$ cat coords_24.tsv   # TSV, C-alpha atoms
chain	number	residue	atom	x	y	z
C	1	MET	CA	0.00	0.00	0.00
C	2	THR	CA	1.32	3.43	-0.95
C	3	THR	CA	1.26	6.36	1.46
C	4	LEU	CA	1.43	9.95	0.30
C	5	THR	CA	3.98	11.93	2.25
C	6	ILE	CA	2.86	15.34	1.05
C	7	LYS	CA	-0.33	17.16	1.84
C	8	ALA	CA	-3.03	15.89	-0.50
C	9	PRO	CA	-5.55	18.24	-2.11
C	10	LYS	CA	-9.14	18.36	-0.90
C	11	PHE	CA	-12.37	18.49	-2.85
C	12	ARG	CA	-15.57	19.78	-1.23
C	13	GLY	CA	-17.89	19.38	-4.23
C	14	THR	CA	-18.68	23.04	-4.78
C	15	ARG	CA	-17.29	24.47	-8.03
C	16	GLN	CA	-16.10	23.04	-11.36
C	17	GLU	CA	-12.82	24.94	-11.17
C	18	ASP	CA	-12.18	23.29	-7.82
C	19	PHE	CA	-12.83	19.83	-9.26
C	20	ASP	CA	-10.59	20.36	-12.30
C	21	SER	CA	-7.79	21.63	-10.07
C	22	PHE	CA	-8.33	18.79	-7.58
C	23	LEU	CA	-8.28	16.19	-10.35
C	24	ALA	CA	-5.11	17.63	-11.89
C	25	GLN	CA	-3.39	17.67	-8.49
C	26	MET	CA	-4.42	14.08	-7.79
C	27	ILE	CA	-3.09	12.89	-11.15
C	28	LEU	CA	0.19	14.73	-10.58
C	29	ARG	CA	0.56	13.13	-7.16
C	30	PHE	CA	-0.21	9.67	-8.51
C	31	THR	CA	2.37	10.15	-11.25
C	32	SER	CA	5.06	11.54	-8.95
C	33	HIS	CA	4.55	8.68	-6.47
C	34	ASN	CA	4.31	6.00	-9.20
C	35	ILE	CA	0.80	5.05	-8.10
C	36	THR	CA	-0.65	3.03	-10.96
C	37	ASP	CA	-3.06	0.70	-9.17
C	38	ASP	CA	-6.61	1.89	-9.85
C	39	ASN	CA	-7.93	0.69	-6.47
C	40	GLU	CA	-5.18	2.64	-4.71
C	41	LYS	CA	-6.06	5.78	-6.70
C	42	VAL	CA	-9.70	5.39	-5.68
C	43	ARG	CA	-8.81	4.81	-2.01
C	44	ILE	CA	-6.55	7.88	-1.86
C	45	THR	CA	-9.06	10.06	-3.73
C	46	LEU	CA	-11.90	9.04	-1.40
C	47	GLN	CA	-9.77	10.12	1.56
C	48	CYS	CA	-9.39	13.58	0.03
C	49	LEU	CA	-13.12	14.31	-0.13
C	50	GLN	CA	-14.73	16.77	2.28
C	51	GLY	CA	-18.05	18.55	2.66
C	52	ASP	CA	-20.69	17.70	0.05
C	53	ALA	CA	-18.33	15.37	-1.81
C	54	ALA	CA	-17.71	13.31	1.34
C	55	THR	CA	-21.46	13.20	2.00
C	56	TRP	CA	-22.15	11.76	-1.48
C	57	VAL	CA	-19.70	8.95	-0.80
C	58	ALA	CA	-20.89	8.39	2.78
C	59	THR	CA	-24.44	7.97	1.48
C	60	GLN	CA	-23.27	5.16	-0.78
C	61	ILE	CA	-21.22	3.50	1.96
C	62	THR	CA	-23.98	3.56	4.59
C	63	GLN	CA	-26.28	1.69	2.20
C	64	LEU	CA	-23.88	-1.28	2.11
C	65	PRO	CA	-24.26	-4.22	4.49
C	66	VAL	CA	-21.78	-4.11	7.41
C	67	GLY	CA	-18.55	-5.87	6.47
C	68	SER	CA	-19.40	-5.87	2.76
C	69	SER	CA	-16.46	-5.95	0.37
C	70	TYR	CA	-18.68	-4.77	-2.48
C	71	VAL	CA	-17.38	-1.68	-4.24
C	72	PRO	CA	-20.15	0.52	-5.64
C	73	HIS	CA	-19.92	0.90	-9.40
C	74	ALA	CA	-19.62	4.66	-8.83
C	75	TRP	CA	-16.02	4.17	-7.79
C	76	ALA	CA	-15.04	0.80	-9.23
C	77	SER	CA	-12.27	2.66	-11.08
C	78	PHE	CA	-10.63	6.06	-10.85
C	79	ASP	CA	-12.37	7.16	-14.07
C	80	ALA	CA	-15.74	5.99	-12.74
C	81	LEU	CA	-15.14	7.88	-9.50
C	82	THR	CA	-14.26	11.13	-11.28
C	83	THR	CA	-17.37	10.77	-13.48
C	84	TYR	CA	-19.47	10.11	-10.36
C	85	LEU	CA	-18.07	13.20	-8.62
C	86	ARG	CA	-18.79	15.34	-11.69
C	87	GLU	CA	-22.37	14.02	-11.82
C	88	GLN	CA	-22.96	14.57	-8.13
C	89	SER	CA	-21.65	18.10	-8.26
C	90	GLY	CA	-24.10	18.85	-11.07
C	91	GLN	CA	-21.26	19.66	-13.42
C	92	TYR	CA	-21.10	16.61	-15.67
C	93	TYR	CA	-23.96	17.49	-17.97
C	94	ASP	CA	-23.01	21.16	-18.01
C	95	ILE	CA	-19.53	20.15	-19.13
C	96	LYS	CA	-20.91	18.00	-21.94
C	97	GLY	CA	-23.10	20.84	-23.20
C	98	THR	CA	-20.25	23.29	-22.92
C	99	ALA	CA	-17.90	20.86	-24.67
C	100	GLU	CA	-20.30	20.43	-27.58
C	101	THR	CA	-20.63	24.21	-27.87
C	102	ARG	CA	-16.86	24.62	-27.75
C	103	LEU	CA	-16.47	21.84	-30.32
C	104	ASN	CA	-18.80	23.73	-32.65
C	105	ASN	CA	-16.77	26.91	-32.21
C	106	ILE	CA	-13.18	25.69	-31.96
C	107	GLN	CA	-10.83	27.32	-34.47
C	108	GLN	CA	-7.07	27.22	-34.88
C	109	GLY	CA	-6.97	30.88	-35.88
C	110	ASP	CA	-3.49	32.31	-35.38
C	111	SER	CA	-2.48	29.78	-32.72
C	112	ASP	CA	0.02	27.09	-33.59
C	113	ILE	CA	-1.23	23.63	-34.42
C	114	LYS	CA	0.20	22.10	-31.27
C	115	LYS	CA	-1.98	24.41	-29.14
C	116	TYR	CA	-4.98	23.74	-31.37
C	117	ASN	CA	-4.48	19.97	-31.03
C	118	GLN	CA	-4.17	20.28	-27.25
C	119	GLU	CA	-7.32	22.39	-26.99
C	120	PHE	CA	-9.21	20.05	-29.31
C	121	ASN	CA	-8.19	17.02	-27.22
C	122	LYS	CA	-9.23	18.82	-24.03
C	123	VAL	CA	-12.68	19.59	-25.44
C	124	LYS	CA	-12.94	16.03	-26.79
C	125	SER	CA	-12.23	14.60	-23.32
C	126	TYR	CA	-15.41	16.22	-21.97
C	127	LEU	CA	-17.69	14.84	-24.66
C	128	PRO	CA	-19.99	11.90	-23.91
C	129	GLU	CA	-18.45	8.47	-24.28
C	130	GLY	CA	-19.11	7.13	-27.74
C	131	TYR	CA	-19.28	10.56	-29.41
C	132	GLY	CA	-19.02	9.83	-33.14
C	133	LYS	CA	-15.65	9.71	-34.85
C	134	GLU	CA	-16.97	11.36	-38.02
C	135	PRO	CA	-18.37	14.43	-36.24
C	136	LEU	CA	-15.10	14.82	-34.34
C	137	LEU	CA	-13.09	14.64	-37.56
C	138	TYR	CA	-15.46	17.11	-39.24
C	139	HIS	CA	-15.07	19.64	-36.42
C	140	TYR	CA	-11.31	19.17	-36.30
C	141	LYS	CA	-10.88	19.77	-40.04
C	142	ARG	CA	-13.33	22.68	-40.01
C	143	GLY	CA	-11.36	24.37	-37.24
C	144	LEU	CA	-7.97	24.04	-38.91
C	145	ALA	CA	-6.42	27.09	-40.51
C	146	ARG	CA	-7.49	27.20	-44.19
C	147	LYS	CA	-3.99	26.80	-45.64
C	148	ALA	CA	-3.19	23.71	-43.55
C	149	ARG	CA	-6.62	22.19	-44.24
C	150	GLU	CA	-6.25	22.67	-48.00
C	151	GLN	CA	-2.73	21.23	-48.09
C	152	LEU	CA	-3.75	18.21	-46.04
C	153	ALA	CA	-6.84	17.57	-48.14
C	154	ALA	CA	-4.63	17.52	-51.25
C	155	TYR	CA	-2.66	14.49	-49.98
C	156	PRO	CA	-3.59	11.18	-51.63
C	157	GLY	CA	-5.61	9.07	-49.22
C	158	SER	CA	-6.42	11.95	-46.87
C	159	ALA	CA	-10.13	11.25	-47.24
C	160	SER	CA	-9.64	7.97	-45.35
C	161	TRP	CA	-7.46	9.37	-42.54
C	162	ASP	CA	-8.79	9.10	-38.99
C	163	LEU	CA	-8.65	11.96	-36.50
C	164	GLU	CA	-5.28	10.97	-35.04
C	165	THR	CA	-3.72	10.85	-38.51
C	166	TRP	CA	-5.15	14.27	-39.38
C	167	MET	CA	-3.80	15.71	-36.13
C	168	ALA	CA	-0.31	14.25	-36.66
C	169	ASN	CA	-0.16	15.32	-40.30
C	170	ALA	CA	-1.50	18.79	-39.48
C	171	LEU	CA	1.36	19.20	-37.05
C	172	ASN	CA	3.84	18.13	-39.73
C	173	ILE	CA	2.34	20.27	-42.50
C	174	THR	CA	2.21	23.33	-40.27
C	175	ARG	CA	5.90	22.90	-39.46
C	176	ASN	CA	6.58	22.82	-43.22
C	177	ILE	CA	4.45	25.96	-43.80
C	178	VAL	CA	6.40	27.83	-41.13
C	179	HIS	CA	9.73	26.55	-42.48
C	180	ASN	CA	8.84	27.50	-46.06
C	181	SER	CA	7.69	31.01	-45.06
C	182	GLN	CA	10.98	31.51	-43.21
C	183	MET	CA	12.91	30.34	-46.28
C	184	GLU	CA	11.02	32.83	-48.48
C	185	LYS	CA	12.20	35.68	-46.22
C	186	VAL	CA	15.86	34.71	-46.67
$ encode --input "coords_24.tsv" --output "structure tokens"
Amino acid sequence: MTTLTIKAPKFRGTRQEDFDSFLAQMILRFTSHNITDDNEKVRITLQCLQGDAATWVATQITQLPVGSSYVPHAWASFDALTTYLREQSGQYYDIKGTAETRLNNIQQGDSDIKKYNQEFNKVKSYLPEGYGKEPLLYHYKRGLARKAREQLAAYPGSASWDLETWMANALNITRNIVHNSQMEKV
């Protein structure tokens, strides 16, 4: 069993910003302490809950028979627990709606492709499980800068590329665009 030797973050279940920060801090602590066991992550996370968040969990625990080793589905894994906490805090569905809105509006604009890819992946992570691959690819291509999108679409076979291939090739093509524009200035 792993023991954290530094002060762990706390989550009270009040605001989305608090949850995102809490989750990021937990993941950083797990990584820095080489905690990979999902049950251990759940156990440590449960110990960091206070206020409303602790009450949600206590409600689940008090419904179990005394001495039960059953683990409620709500925290059978670290991912399930974080989803459960989002749902209980009333944020989960708001995040999905916000993510879909952001997906509809995401644009590379003047930002570099690496930042665009990171932002796109962040928005994608908040979408409902099973969100279609084709709509994701459509939104990704639509949000790319015009020049990169046109160059990528001109590649043979690009019509059959999946999202990951588009993202990787967009990164490569954008590097070439920047390199070529620098060469033209010389």
$ closest_residue --input "coords_24.tsv" --among "C:Asp18, C:Asp38, C:Asp162, C:Asp52" --to "Gly132 of chain C" --atoms "only C-alpha atoms"
C:Asp162
$ atom_distance --input "coords_24.tsv" --atom1 "atom CA of Asn105 of chain C" --atom2 "atom CA of Trp166 of chain C"
18.6 Å
$ atom_distance --input "coords_24.tsv" --atom1 "atom CA of Asn172 of chain C" --atom2 "atom CA of Tyr126 of chain C"
26.3 Å
$ closest_residue --input "coords_24.tsv" --among "C:Leu144, C:Leu85, C:Ala170, C:Leu23" --to "Asp110 of chain C" --atoms "all atoms listed in the file"
C:Leu144
$ residues_around --input "coords_24.tsv" --residues "segment 43-50 of chain C" --least-positions-apart "2" --cutoff "7 Å" --atoms "only C-alpha atoms" --output "PyMOL selection string"
chain C and resi 8-12+39-41+52-54
$ atom_distance --input "coords_24.tsv" --atom1 "atom CA of Asp79 of chain C" --atom2 "atom CA of Ala168 of chain C"
26.6 Å
